[in-house]
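Report on one structure; see the data block that follows.
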Amino acid sequence: MFFAAHLPLLRAAAEANRTRSAWTGFAPITPPDTTQAEAYVGAYDAVTLNLSTRTESTITADEISPYTGKALNVTYSAPTASEALAGAAGAATALRDAGVEARVGACLEALHRIHQRGTEFAALTSHTTGQSLGMACSGSGTNALDRGLEAVAMAWAAMDRVPATVTWQQTFGKTPVTLHKRFRPRPLGTALVIACASFPAWNAYPAILANLATGNPVLVKPHPRSVLATAVAVQVIREVLTDAGLPVDAVQLVVDTVDQPVAGDLAADPATRIVDFTGSQGFGTWLERNSGNALVFTETAGVNTVILDSVTDLGAVLRTLAGGLSLFSGQMCTTPQNIYIPDAGVRTPDGVVPRDEVVASLSSAIDELAGAPRRAAAVCGALQADATLQSLNAMADKAESDGTLVRRPTPYAHPDYPQARAATPLLIRVDPRRGEQLPDGEQFGAVAYLIDCADRDAAVEQATASVRAHGAISSYLYCTDDEAIDTIADAYADAGASLSANLVSSMPMQYAAAYSDYHVTGLNPAGNATLTDESFVAGRFRIVQDRRQVEG
């Protein structure tokens with residue numbers, strides 16, 4: 001029943017996937033004010049959410065708002081790995097036999113209902129992840145919903161290309177042979193989706209819905225300190241499944257604790273056939289090696305690089321870069337980290353600007369942003385975990401003792417939550433030629449390394465070597481020579497990395513457009529999956545056929 005209602009939206013999304021054009025399926029979401037947001041979160045205080053197969057176990061999650069410092073105090077049903085897998089197995093046959101249109105229709109209806117409650121979801125997202133309310137409405141709101149729709153449309157198109165039945169005829173010798181053939185998509189099996197703490201919806205929605213659309217029951221395992229927004233999304237999907245006459249346990253929430261994690265047990269169980277993971281490179285690698293016969297899709301972490309070579313407006317570039325470093329306090333997988341500045345400085349139409357001046361101007365641009373509390377709150381949000389703040393301060397202390405510190409990760413003054421866990425970017429300047437070491441991999445949070453290098457060629461060589469060693473999800477270049485940009489783009493492509501050149505506008509430099517931008521290449525250590533290409537959906541189902549000969 002839902003498929004027909006949402007078919008125009010589905011077709012439009014499939015067309016956007018094909019053309020890679022600018023399109024959205026969802027109207028902007030209105031952010032709540034702080035009082036409304038706290039009321040939305042407070043409505044779940046002391047509530048128990050039963051979002052899994054029947055179980056007697058519960059967990060009160062260790063969720064604390066990064067803004068208020070208060071515990072959310074929400075309890076969730078907590079099935080064991082064996083209970084959750086049994087529940088998924090019990091739902092598998094009915095989900096499979098419901099057919100493509102019923103499953104896809106349910107996915108589209110779930111997206112629609114989540115969007116209708118977008119203001120509430122923004123509040124829950126903000127007070128679990130630390131995103132600002134504006135970002136929770138956009139990046140974790142409409143853009144995440146678009147990513148989910150993108151995946152559903154991609155899955156539907158892949159399955160729809162195969163005809164349900166054909167009549168096949170060919171002559172053998174002098175005798176014509178006629179066969180009636182059926183082709184039926186069949187799911188791989190139970191899927192496990194492991195969400196990250198700081199930005200769960202953006203990756204979880206595509207994975208959950210691609211699995212569900214292709215007929216695979218889904219176990220959703222949120223980060224133990226960032227559960228509520230993901231849990232309510234699962235609640236919406238389960239309500240839609242019930243309304244559609246589909247088995248409710250086709251989607252379950254599986255909650256654990258930091259001390260007693262369950263993700264490894266679920267992934268290694270032979271009953272789990274698909275694993276989607278967003279998070280640390282270490283656990284992502286473990287999953288790739290230890291998930292048995294499961295198909296594993298990962299987005300982990302990388303070292304995103306910036307090369308500053310030549311610009312038309314240095315002030316605009318540095319303001320863009322300051323915003324990119326500050327956005328969500330550096331807790332995005334697309335945040336730049338290693339910034340290469342040649343010895344000769346940065347070329348501009350008014351002459352070369354020395355490197356020391358570039359470094360000072362970047363620090364000043366961050367100070368200017370941090371000094372405007374409402375703007376800083378909208379851009380920076382809050383740090384999801386206290387461990388991130390401790391790590392930033394430890395890095396700053398070490399850099400100060402080493403003589404490489406440019407700027408400490410000072411907090412900004414949040415206009416509504418003075419107790420918010422806040423930090424603005426830490427800047428560290430290093431010259432590897434003097435033996436000053438770069439960190440081994442991504443450093444989570446608002447930190448950037450300003451790297452002295454000989455020239456543009458040296459910067460490209462070092463940056464692409466970093467991609468090969470540590471991975472990268474987004475790479476950035478500022479250069480006014482179009483021929484050089486093409487050559488550098490080739491070098492990054494050879495290293496398996498995407499490249500963005502000369503981004504200076506109201507669009508955040510990290511922004512990735514659903515239906516158009518491919519997120520993660522799968523060709524470097526930052527992950528093996530791409531949002532969203534056909535390989536992201538095609539492996540989740542296979543085609544089985546039967547054929548019978550037609551007499552006469």
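We label chains A, B, ... in the order they appear in the structure tokens, count residues from 1 in each chain, and number ligands from 1 in the order shown.
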
**Asked** Could you write out, as a VMD selection string, all the residues of region 173-343 of chain A that DSSP marks as strand (DSSP E or B)?
**Response** chain A and resid 175 to 187 190 to 194 218 to 221 223 226 251 to 253 272 to 278 295 to 299 305 to 308 310 338 to 342

Proximity of region 304-333 of chain A to region 116-133 of chain A: per-residue shortest pair, 10 Å limit, only C-alpha atoms, as JSON lines:
```
{"residue": "A:Leu327", "atom": "CA", "partner": "A:Gln131", "partner_atom": "CA", "distance": 9.3}
{"residue": "A:Phe328", "atom": "CA", "partner": "A:Gln131", "partner_atom": "CA", "distance": 6.1}
{"residue": "A:Ser329", "atom": "CA", "partner": "A:Gln131", "partner_atom": "CA", "distance": 8.9}
{"residue": "A:Gln331", "atom": "CA", "partner": "A:Gln131", "partner_atom": "CA", "distance": 9.2}
```

Go ahead and dump the residues you just picked, all heavy atoms, as a CSV table (one decimal), in the first residue's frame.
```csv
chain,number,residue,atom,x,y,z
A,327,LEU,N,33.8,22.9,12.1
A,327,LEU,CA,32.4,22.3,11.9
A,327,LEU,C,32.3,21.1,12.7
A,327,LEU,O,33.1,20.1,12.6
A,327,LEU,CB,32.2,22.0,10.4
A,327,LEU,CG,30.7,21.6,10.0
A,327,LEU,CD1,29.8,22.7,10.4
A,327,LEU,CD2,30.7,21.3,8.5
A,328,PHE,N,31.3,21.0,13.6
A,328,PHE,CA,31.0,20.0,14.5
A,328,PHE,C,32.3,19.6,15.3
A,328,PHE,O,32.5,18.4,15.5
A,328,PHE,CB,30.4,18.8,13.8
A,328,PHE,CG,29.8,17.7,14.7
A,328,PHE,CD1,29.4,18.0,16.0
A,328,PHE,CD2,29.8,16.4,14.3
A,328,PHE,CE1,28.9,17.0,16.9
A,328,PHE,CE2,29.3,15.4,15.1
A,328,PHE,CZ,28.9,15.7,16.4
A,329,SER,N,33.1,20.6,15.6
A,329,SER,CA,34.3,20.4,16.4
A,329,SER,C,35.2,19.3,15.8
A,329,SER,O,35.8,18.5,16.6
A,329,SER,CB,33.9,20.1,17.8
A,329,SER,OG,33.1,21.1,18.4
A,331,GLN,N,34.5,16.5,14.3
A,331,GLN,CA,34.0,15.1,14.6
A,331,GLN,C,33.3,14.5,13.3
A,331,GLN,O,32.5,13.6,13.5
A,331,GLN,CB,33.1,15.1,15.8
A,331,GLN,CG,33.7,15.5,17.1
A,331,GLN,CD,32.7,15.8,18.2
A,331,GLN,OE1,32.6,15.0,19.1
A,331,GLN,NE2,31.9,16.8,18.0
```

**Request:** Show which residues sit within 8 Å of Ala376 (chain A), as a ChimeraX atom specification. Count only C-alpha atoms, and ignore same-chain residues fewer than 6 positions away.
**Result:** /A:369-370,412,414

Any chance you can output those residues with N, CA and C atoms as a PDB file, in the first residue's frame?
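Once written, part.pdb looks like this:
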```
ATOM      1  N   LEU A 369      35.845  33.277  14.452  1.00  0.00           N
ATOM      2  CA  LEU A 369      34.656  32.430  14.538  1.00  0.00           C
ATOM      3  C   LEU A 369      34.341  32.105  15.991  1.00  0.00           C
ATOM      4  N   ALA A 370      35.363  31.720  16.752  1.00  0.00           N
ATOM      5  CA  ALA A 370      35.159  31.334  18.149  1.00  0.00           C
ATOM      6  C   ALA A 370      34.680  32.492  18.997  1.00  0.00           C
ATOM      7  N   TYR A 412      34.623  27.834  23.230  1.00  0.00           N
ATOM      8  CA  TYR A 412      33.892  29.071  22.966  1.00  0.00           C
ATOM      9  C   TYR A 412      32.797  29.188  24.026  1.00  0.00           C
ATOM     10  N   HIS A 414      29.268  29.105  24.803  1.00  0.00           N
ATOM     11  CA  HIS A 414      27.973  28.742  24.245  1.00  0.00           C
ATOM     12  C   HIS A 414      26.901  29.657  24.848  1.00  0.00           C
TER      13      HIS A 414
END
```

**Selected residue, from A:Ile59, A:Ala158, A:Arg548, A:Ser65, that lies nearest to Ser77 (chain A) when counting only C-alpha atoms** =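 Under the stated criterion, the closest residue is A:Ile59.
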
Select from region 38-135 of chain A every residue with an atom at most 12 Å from any atom of region 171-193 of chain A, then for each give the shortest pair of atoms and their distance in Å to one decimal, using only C-alpha atoms, rows by chain and rising number, as JSON lines.
```
{"residue": "A:Ala81", "atom": "CA", "partner": "A:Leu192", "partner_atom": "CA", "distance": 10.9}
{"residue": "A:Ala84", "atom": "CA", "partner": "A:Thr190", "partner_atom": "CA", "distance": 10.1}
{"residue": "A:Leu85", "atom": "CA", "partner": "A:Thr190", "partner_atom": "CA", "distance": 7.5}
{"residue": "A:Ala86", "atom": "CA", "partner": "A:Thr190", "partner_atom": "CA", "distance": 9.9}
{"residue": "A:Gly87", "atom": "CA", "partner": "A:Thr190", "partner_atom": "CA", "distance": 10.0}
{"residue": "A:Ala88", "atom": "CA", "partner": "A:Thr190", "partner_atom": "CA", "distance": 6.5}
{"residue": "A:Ala89", "atom": "CA", "partner": "A:Thr190", "partner_atom": "CA", "distance": 7.3}
{"residue": "A:Gly90", "atom": "CA", "partner": "A:Thr190", "partner_atom": "CA", "distance": 10.5}
{"residue": "A:Ala91", "atom": "CA", "partner": "A:Thr190", "partner_atom": "CA", "distance": 9.7}
{"residue": "A:Ala92", "atom": "CA", "partner": "A:Gly189", "partner_atom": "CA", "distance": 7.6}
{"residue": "A:Thr93", "atom": "CA", "partner": "A:Pro187", "partner_atom": "CA", "distance": 9.9}
{"residue": "A:Ala94", "atom": "CA", "partner": "A:Pro187", "partner_atom": "CA", "distance": 11.9}
{"residue": "A:Leu95", "atom": "CA", "partner": "A:Pro187", "partner_atom": "CA", "distance": 9.6}
{"residue": "A:Arg96", "atom": "CA", "partner": "A:Pro187", "partner_atom": "CA", "distance": 7.0}
{"residue": "A:Asp97", "atom": "CA", "partner": "A:Arg186", "partner_atom": "CA", "distance": 9.2}
{"residue": "A:Ala98", "atom": "CA", "partner": "A:Arg186", "partner_atom": "CA", "distance": 11.4}
{"residue": "A:Gly99", "atom": "CA", "partner": "A:Pro185", "partner_atom": "CA", "distance": 8.8}
{"residue": "A:Val100", "atom": "CA", "partner": "A:Pro185", "partner_atom": "CA", "distance": 8.3}
{"residue": "A:Glu101", "atom": "CA", "partner": "A:Pro185", "partner_atom": "CA", "distance": 11.9}
{"residue": "A:Arg103", "atom": "CA", "partner": "A:Pro187", "partner_atom": "CA", "distance": 11.9}
```

Take the residues from that selection and put them in a file with all heavy atoms, as a CSV table (one decimal), in the first residue's frame.
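out_13.csv, written as the output of this step:
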```csv
chain,number,residue,atom,x,y,z
A,81,ALA,N,22.8,-11.8,21.9
A,81,ALA,CA,23.1,-12.0,20.5
A,81,ALA,C,22.3,-13.2,20.0
A,81,ALA,O,21.7,-13.1,18.9
A,81,ALA,CB,24.6,-12.3,20.3
A,84,ALA,N,18.5,-12.0,19.6
A,84,ALA,CA,18.3,-11.1,18.4
A,84,ALA,C,18.4,-11.9,17.1
A,84,ALA,O,17.6,-11.6,16.2
A,84,ALA,CB,19.4,-10.0,18.5
A,85,LEU,N,19.4,-12.8,17.0
A,85,LEU,CA,19.5,-13.5,15.8
A,85,LEU,C,18.3,-14.5,15.6
A,85,LEU,O,17.9,-14.6,14.4
A,85,LEU,CB,20.8,-14.3,15.8
A,85,LEU,CG,22.1,-13.5,15.6
A,85,LEU,CD1,23.4,-14.3,16.0
A,85,LEU,CD2,22.2,-12.9,14.2
A,86,ALA,N,17.8,-15.0,16.6
A,86,ALA,CA,16.7,-15.9,16.5
A,86,ALA,C,15.4,-15.1,16.1
A,86,ALA,O,14.6,-15.5,15.3
A,86,ALA,CB,16.4,-16.6,17.9
A,87,GLY,N,15.3,-13.9,16.6
A,87,GLY,CA,14.2,-13.0,16.2
A,87,GLY,C,14.3,-12.7,14.8
A,87,GLY,O,13.3,-12.6,14.0
A,88,ALA,N,15.5,-12.4,14.3
A,88,ALA,CA,15.7,-12.0,12.9
A,88,ALA,C,15.3,-13.2,12.0
A,88,ALA,O,14.7,-13.1,11.0
A,88,ALA,CB,17.1,-11.6,12.6
A,89,ALA,N,15.8,-14.4,12.4
A,89,ALA,CA,15.5,-15.6,11.6
A,89,ALA,C,14.0,-15.9,11.6
A,89,ALA,O,13.5,-16.3,10.5
A,89,ALA,CB,16.2,-16.8,12.3
A,90,GLY,N,13.3,-15.6,12.7
A,90,GLY,CA,11.8,-15.8,12.6
A,90,GLY,C,11.1,-14.8,11.7
A,90,GLY,O,10.0,-15.1,11.2
A,91,ALA,N,11.7,-13.7,11.4
A,91,ALA,CA,11.1,-12.7,10.5
A,91,ALA,C,11.5,-12.9,9.1
A,91,ALA,O,10.9,-12.3,8.2
A,91,ALA,CB,11.5,-11.3,11.0
A,92,ALA,N,12.5,-13.7,8.8
A,92,ALA,CA,13.2,-13.7,7.5
A,92,ALA,C,12.2,-14.1,6.4
A,92,ALA,O,12.2,-13.5,5.3
A,92,ALA,CB,14.4,-14.6,7.6
A,93,THR,N,11.5,-15.2,6.6
A,93,THR,CA,10.7,-15.8,5.5
A,93,THR,C,9.6,-14.9,5.1
A,93,THR,O,9.4,-14.6,3.9
A,93,THR,CB,10.1,-17.2,5.9
A,93,THR,OG1,11.2,-18.0,6.2
A,93,THR,CG2,9.3,-17.7,4.8
A,94,ALA,N,8.9,-14.3,6.1
A,94,ALA,CA,7.8,-13.4,5.8
A,94,ALA,C,8.3,-12.1,5.1
A,94,ALA,O,7.6,-11.6,4.2
A,94,ALA,CB,7.0,-13.1,7.0
A,95,LEU,N,9.4,-11.6,5.5
A,95,LEU,CA,10.0,-10.4,4.9
A,95,LEU,C,10.4,-10.7,3.5
A,95,LEU,O,10.1,-9.9,2.6
A,95,LEU,CB,11.2,-10.0,5.7
A,95,LEU,CG,11.9,-8.7,5.2
A,95,LEU,CD1,11.0,-7.5,5.3
A,95,LEU,CD2,13.2,-8.5,5.9
A,96,ARG,N,11.0,-11.9,3.2
A,96,ARG,CA,11.4,-12.2,1.9
A,96,ARG,C,10.2,-12.4,1.0
A,96,ARG,O,10.2,-11.9,-0.1
A,96,ARG,CB,12.2,-13.5,1.9
A,96,ARG,CG,12.7,-14.1,0.6
A,96,ARG,CD,13.0,-15.5,0.7
A,96,ARG,NE,11.8,-16.3,0.9
A,96,ARG,CZ,11.9,-17.6,1.3
A,96,ARG,NH1,13.0,-18.2,1.6
A,96,ARG,NH2,10.8,-18.3,1.4
A,97,ASP,N,9.2,-13.1,1.5
A,97,ASP,CA,8.1,-13.5,0.6
A,97,ASP,C,7.1,-12.3,0.4
A,97,ASP,O,6.3,-12.3,-0.5
A,97,ASP,CB,7.3,-14.6,1.2
A,97,ASP,CG,8.1,-15.9,1.2
A,97,ASP,OD1,9.1,-16.0,0.5
A,97,ASP,OD2,7.7,-16.9,1.9
A,98,ALA,N,7.3,-11.2,1.2
A,98,ALA,CA,6.4,-10.0,1.0
A,98,ALA,C,6.6,-9.4,-0.4
A,98,ALA,O,5.7,-8.7,-0.9
A,98,ALA,CB,6.7,-9.0,2.1
A,99,GLY,N,7.8,-9.5,-0.9
A,99,GLY,CA,8.1,-9.0,-2.3
A,99,GLY,C,8.8,-7.6,-2.2
A,99,GLY,O,8.7,-6.9,-1.2
A,100,VAL,N,9.3,-7.3,-3.3
A,100,VAL,CA,10.1,-6.0,-3.4
A,100,VAL,C,9.3,-4.8,-3.2
A,100,VAL,O,9.7,-3.9,-2.4
A,100,VAL,CB,10.8,-5.9,-4.8
A,100,VAL,CG1,11.5,-4.6,-5.0
A,100,VAL,CG2,11.8,-7.1,-5.0
A,101,GLU,N,8.1,-4.7,-3.8
A,101,GLU,CA,7.3,-3.5,-3.6
A,101,GLU,C,6.9,-3.3,-2.2
A,101,GLU,O,6.9,-2.1,-1.7
A,101,GLU,CB,6.1,-3.5,-4.6
A,101,GLU,CG,6.5,-3.4,-6.0
A,101,GLU,CD,5.3,-3.3,-7.0
A,101,GLU,OE1,4.2,-3.2,-6.5
A,101,GLU,OE2,5.5,-3.2,-8.2
A,103,ARG,N,8.4,-4.2,0.6
A,103,ARG,CA,9.6,-3.9,1.4
A,103,ARG,C,10.0,-2.4,1.0
A,103,ARG,O,10.3,-1.6,1.9
A,103,ARG,CB,10.7,-4.9,1.2
A,103,ARG,CG,10.4,-6.3,1.6
A,103,ARG,CD,11.6,-7.1,1.7
A,103,ARG,NE,12.4,-7.1,0.4
A,103,ARG,CZ,12.2,-8.1,-0.5
A,103,ARG,NH1,11.4,-9.1,-0.3
A,103,ARG,NH2,12.9,-8.1,-1.7
```

**Item:** Polymer residues at most 12 Å from Ala12 (chain A), only C-alpha atoms, same-chain spacing of 2 or more positions, as a PyMOL selection string
**Value:** chain A and resi 6-10+14-26+146+149-150+152-154+157+515

Based on the selection just made, write C-alpha atoms of those residues as a PDB file, in the first residue's frame.
```pdb
ATOM      1  CA  HIS A   6       5.551   7.000  -2.718  1.00  0.00           C
ATOM      2  CA  LEU A   7       6.278   5.779  -6.269  1.00  0.00           C
ATOM      3  CA  PRO A   8       6.720   9.291  -7.764  1.00  0.00           C
ATOM      4  CA  LEU A   9       9.317  10.074  -5.070  1.00  0.00           C
ATOM      5  CA  LEU A  10      11.089   6.777  -5.705  1.00  0.00           C
ATOM      6  CA  ALA A  14      16.251   6.854  -9.116  1.00  0.00           C
ATOM      7  CA  GLU A  15      16.518   9.495 -11.846  1.00  0.00           C
ATOM      8  CA  ALA A  16      18.672  11.698  -9.606  1.00  0.00           C
ATOM      9  CA  ASN A  17      20.944   8.706  -8.974  1.00  0.00           C
ATOM     10  CA  ARG A  18      21.258   8.208 -12.721  1.00  0.00           C
ATOM     11  CA  THR A  19      21.968  11.841 -13.597  1.00  0.00           C
ATOM     12  CA  ARG A  20      23.970  12.689 -10.421  1.00  0.00           C
ATOM     13  CA  SER A  21      22.131  16.031 -10.402  1.00  0.00           C
ATOM     14  CA  ALA A  22      21.180  18.356  -7.539  1.00  0.00           C
ATOM     15  CA  TRP A  23      17.903  17.125  -6.038  1.00  0.00           C
ATOM     16  CA  THR A  24      16.340  16.482  -2.666  1.00  0.00           C
ATOM     17  CA  GLY A  25      13.332  14.452  -1.680  1.00  0.00           C
ATOM     18  CA  PHE A  26      12.708  16.252   1.607  1.00  0.00           C
ATOM     19  CA  ASP A 146      18.255  11.711   1.252  1.00  0.00           C
ATOM     20  CA  LEU A 149      16.329   7.347  -0.074  1.00  0.00           C
ATOM     21  CA  GLU A 150      19.323   7.230  -2.408  1.00  0.00           C
ATOM     22  CA  VAL A 152      16.539   2.521  -1.428  1.00  0.00           C
ATOM     23  CA  ALA A 153      16.249   3.862  -4.974  1.00  0.00           C
ATOM     24  CA  MET A 154      19.546   2.240  -5.932  1.00  0.00           C
ATOM     25  CA  ALA A 157      16.534  -0.039  -9.554  1.00  0.00           C
ATOM     26  CA  TYR A 515      22.447  11.274  -5.306  1.00  0.00           C
TER      27      TYR A 515
END
```

**Item:** Between CA of His223 (chain A) and CA of Ala151 (chain A) - distance in Å to one decimal
**Value:**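 Separating CA of Ala151 (chain A) from CA of His223 (chain A) is a distance of 22.4 Å.
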
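Within the 8 Å cut-off around Ile451 (chain A), using only C-alpha atoms and omitting residues fewer than 3 positions from it on the same chain, the listed residues are A:Asn338, A:Ile339, A:Tyr340, A:Ile341, A:Arg429, A:Val430, A:Asp431, A:Pro432.
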
Closest atom pairs, region 401-435 of chain A residues within 12 Å of region 385-397 of chain A, only C-alpha atoms, as CSV:
```
residue,atom,partner,partner_atom,distance
A:Ser401,CA,A:Asp397,CA,6.3
A:Asp402,CA,A:Asp397,CA,8.7
A:Gly403,CA,A:Asp397,CA,9.9
A:Thr404,CA,A:Ala396,CA,9.1
A:Leu405,CA,A:Ala396,CA,6.6
A:Val406,CA,A:Ala396,CA,9.1
A:Arg407,CA,A:Ala396,CA,8.1
A:Arg408,CA,A:Ala396,CA,6.0
A:Pro409,CA,A:Leu392,CA,6.8
A:Thr410,CA,A:Asn393,CA,9.1
A:Pro411,CA,A:Leu389,CA,10.0
A:Ala420,CA,A:Asp386,CA,10.8
A:Arg421,CA,A:Asp386,CA,7.4
A:Ala422,CA,A:Leu389,CA,8.1
A:Ala423,CA,A:Leu389,CA,7.4
A:Thr424,CA,A:Leu392,CA,10.0
A:Pro425,CA,A:Leu392,CA,9.0
A:Leu426,CA,A:Ala396,CA,7.0
A:Leu427,CA,A:Ala396,CA,8.3
A:Ile428,CA,A:Ala396,CA,7.9
A:Arg429,CA,A:Ala396,CA,11.3
```

**Contacts of Asp482 (chain A) within 12 Å, only C-alpha atoms, excl. fewer than 6 positions in-chain, as a list of chain:residue names** = A:Ser310, A:Val311, A:Ile488, A:Ala489, A:Ala501, A:Asn502

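Using only C-alpha atoms, the residues found no farther than 12 Å from Thr242 (chain A), other than those of its own chain fewer than 4 positions away, are Leu95, Ala102, Arg103, Ala106, Glu109, Ala110, Gln235, Val236, Ile237, Arg238, Leu246, Pro247, Val248, Asp249, Ala250 and Val251 of chain A.
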
Could you write out the selected residues, including N, CA and C atoms, as a short mmCIF file (atom, residue, chain, number, x, y, z; two decimals), in the first residue's frame?
```
data_model
loop_
_atom_site.label_atom_id
_atom_site.label_comp_id
_atom_site.auth_asym_id
_atom_site.auth_seq_id
_atom_site.Cartn_x
_atom_site.Cartn_y
_atom_site.Cartn_z
N LEU A 95 9.42 -11.63 5.54
CA LEU A 95 9.99 -10.43 4.92
C LEU A 95 10.38 -10.73 3.48
N ALA A 102 6.48 -4.32 -1.49
CA ALA A 102 6.06 -4.16 -0.10
C ALA A 102 7.22 -3.68 0.77
N ARG A 103 8.40 -4.25 0.55
CA ARG A 103 9.56 -3.86 1.37
C ARG A 103 10.01 -2.44 1.04
N ALA A 106 7.64 0.11 2.44
CA ALA A 106 7.82 0.31 3.87
C ALA A 106 9.02 1.22 4.15
N GLU A 109 7.96 4.81 3.38
CA GLU A 109 7.05 5.32 4.40
C GLU A 109 7.82 5.64 5.68
N ALA A 110 8.78 4.82 6.04
CA ALA A 110 9.59 5.10 7.23
C ALA A 110 10.35 6.41 7.08
N GLN A 235 12.19 2.54 16.10
CA GLN A 235 10.80 2.49 16.53
C GLN A 235 9.85 2.86 15.39
N VAL A 236 10.18 3.89 14.65
CA VAL A 236 9.35 4.30 13.52
C VAL A 236 9.30 3.20 12.47
N ILE A 237 10.45 2.61 12.15
CA ILE A 237 10.47 1.55 11.14
C ILE A 237 9.63 0.36 11.59
N ARG A 238 9.71 0.00 12.86
CA ARG A 238 8.93 -1.13 13.36
C ARG A 238 7.42 -0.82 13.30
N LEU A 246 4.10 -6.52 7.69
CA LEU A 246 5.40 -7.19 7.62
C LEU A 246 5.85 -7.54 9.05
N PRO A 247 6.74 -8.50 9.20
CA PRO A 247 7.17 -8.91 10.55
C PRO A 247 7.93 -7.80 11.25
N VAL A 248 7.49 -7.46 12.45
CA VAL A 248 8.08 -6.34 13.16
C VAL A 248 9.54 -6.59 13.51
N ASP A 249 9.92 -7.85 13.75
CA ASP A 249 11.30 -8.14 14.11
C ASP A 249 12.24 -8.18 12.91
N ALA A 250 11.73 -7.75 11.76
CA ALA A 250 12.62 -7.57 10.62
C ALA A 250 13.64 -6.46 10.88
N VAL A 251 13.34 -5.57 11.84
CA VAL A 251 14.30 -4.56 12.30
C VAL A 251 14.27 -4.55 13.81
#
```

Which residues of region 442-545 of chain A come within 10 Å of region 278-299 of chain A, and for each one, what is the closest pair of atoms and their distance in Å to one decimal, counting only C-alpha atoms, sorted by chain and residue number, as JSON lines?
```
{"residue": "A:Glu442", "atom": "CA", "partner": "A:Gln281", "partner_atom": "CA", "distance": 9.1}
{"residue": "A:Phe444", "atom": "CA", "partner": "A:Ser280", "partner_atom": "CA", "distance": 9.8}
{"residue": "A:His470", "atom": "CA", "partner": "A:Gln281", "partner_atom": "CA", "distance": 9.2}
{"residue": "A:Gly471", "atom": "CA", "partner": "A:Gln281", "partner_atom": "CA", "distance": 9.6}
{"residue": "A:Ile473", "atom": "CA", "partner": "A:Glu299", "partner_atom": "CA", "distance": 8.8}
{"residue": "A:His519", "atom": "CA", "partner": "A:Glu299", "partner_atom": "CA", "distance": 9.3}
{"residue": "A:Val520", "atom": "CA", "partner": "A:Glu299", "partner_atom": "CA", "distance": 7.2}
{"residue": "A:Thr521", "atom": "CA", "partner": "A:Glu299", "partner_atom": "CA", "distance": 9.7}
{"residue": "A:Gly522", "atom": "CA", "partner": "A:Glu299", "partner_atom": "CA", "distance": 8.5}
{"residue": "A:Pro525", "atom": "CA", "partner": "A:Gln281", "partner_atom": "CA", "distance": 8.1}
{"residue": "A:Ala526", "atom": "CA", "partner": "A:Glu299", "partner_atom": "CA", "distance": 6.2}
{"residue": "A:Gly527", "atom": "CA", "partner": "A:Glu299", "partner_atom": "CA", "distance": 4.3}
{"residue": "A:Asn528", "atom": "CA", "partner": "A:Thr298", "partner_atom": "CA", "distance": 5.4}
{"residue": "A:Ala529", "atom": "CA", "partner": "A:Phe297", "partner_atom": "CA", "distance": 5.2}
{"residue": "A:Thr530", "atom": "CA", "partner": "A:Glu299", "partner_atom": "CA", "distance": 8.2}
{"residue": "A:Leu531", "atom": "CA", "partner": "A:Glu299", "partner_atom": "CA", "distance": 9.4}
{"residue": "A:Ser535", "atom": "CA", "partner": "A:Phe297", "partner_atom": "CA", "distance": 9.9}
{"residue": "A:Phe536", "atom": "CA", "partner": "A:Phe297", "partner_atom": "CA", "distance": 7.7}
{"residue": "A:Gly539", "atom": "CA", "partner": "A:Leu295", "partner_atom": "CA", "distance": 7.7}
{"residue": "A:Arg540", "atom": "CA", "partner": "A:Leu295", "partner_atom": "CA", "distance": 8.1}
```

**Request:** Quote the spacing between CA of Tyr44 (chain A) and CA of Gln252 (chain A) in Å to one decimal place.
**Result:**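 Atom-to-atom, CA of Tyr44 (chain A) and CA of Gln252 (chain A) are spaced 18.9 Å apart.
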
**Request:** Pick out the closest residue to Leu321 (chain A) from this set: A:Asp276, A:Glu83, A:Val358, A:Tyr40. Count only C-alpha atoms.
**Result:**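 When distances to Leu321 (chain A) are compared using only C-alpha atoms, the smallest one comes from A:Val358.
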
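Remark: for Ala497 (chain A), the closest of the candidate residues A:Pro415, A:Gly302, A:Pro222, A:Pro32 is A:Gly302 (distances computed over only C-alpha atoms).
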
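In this comparison, which uses only C-alpha atoms, the residue of A:Leu228, A:Val258, A:Gln384, A:Leu253 approaching Thr53 (chain A) most closely is A:Leu253.
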
**Nearest residue to Gly139 (chain A) from the set A:Val544, A:Pro28, A:Ala61, A:Val255 (distances using only C-alpha atoms)** =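 Going through A:Val544, A:Pro28, A:Ala61, A:Val255 one by one, the smallest distance to Gly139 (chain A) is for A:Pro28.
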
**Distance criterion (only C-alpha atoms): nearest to Ala399 (chain A) out of A:Ala372, A:Val379, A:Leu438, A:Leu241** =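 The answer is A:Leu438, which sits nearest to Ala399 (chain A).
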
**Prompt:** Hey, what does DSSP flag as helix (DSSP H, G or I) within region 195-363 of chain A? Can you give it to me as a PyMOL selection string?
**Reply:** chain A and resi 200-213+228-243+248-250+263-268+281-290+314-330+355-363

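CA of Ala263 (chain A) to CA of Ala472 (chain A) spans 25.0 Å [interatomic distance, one decimal].
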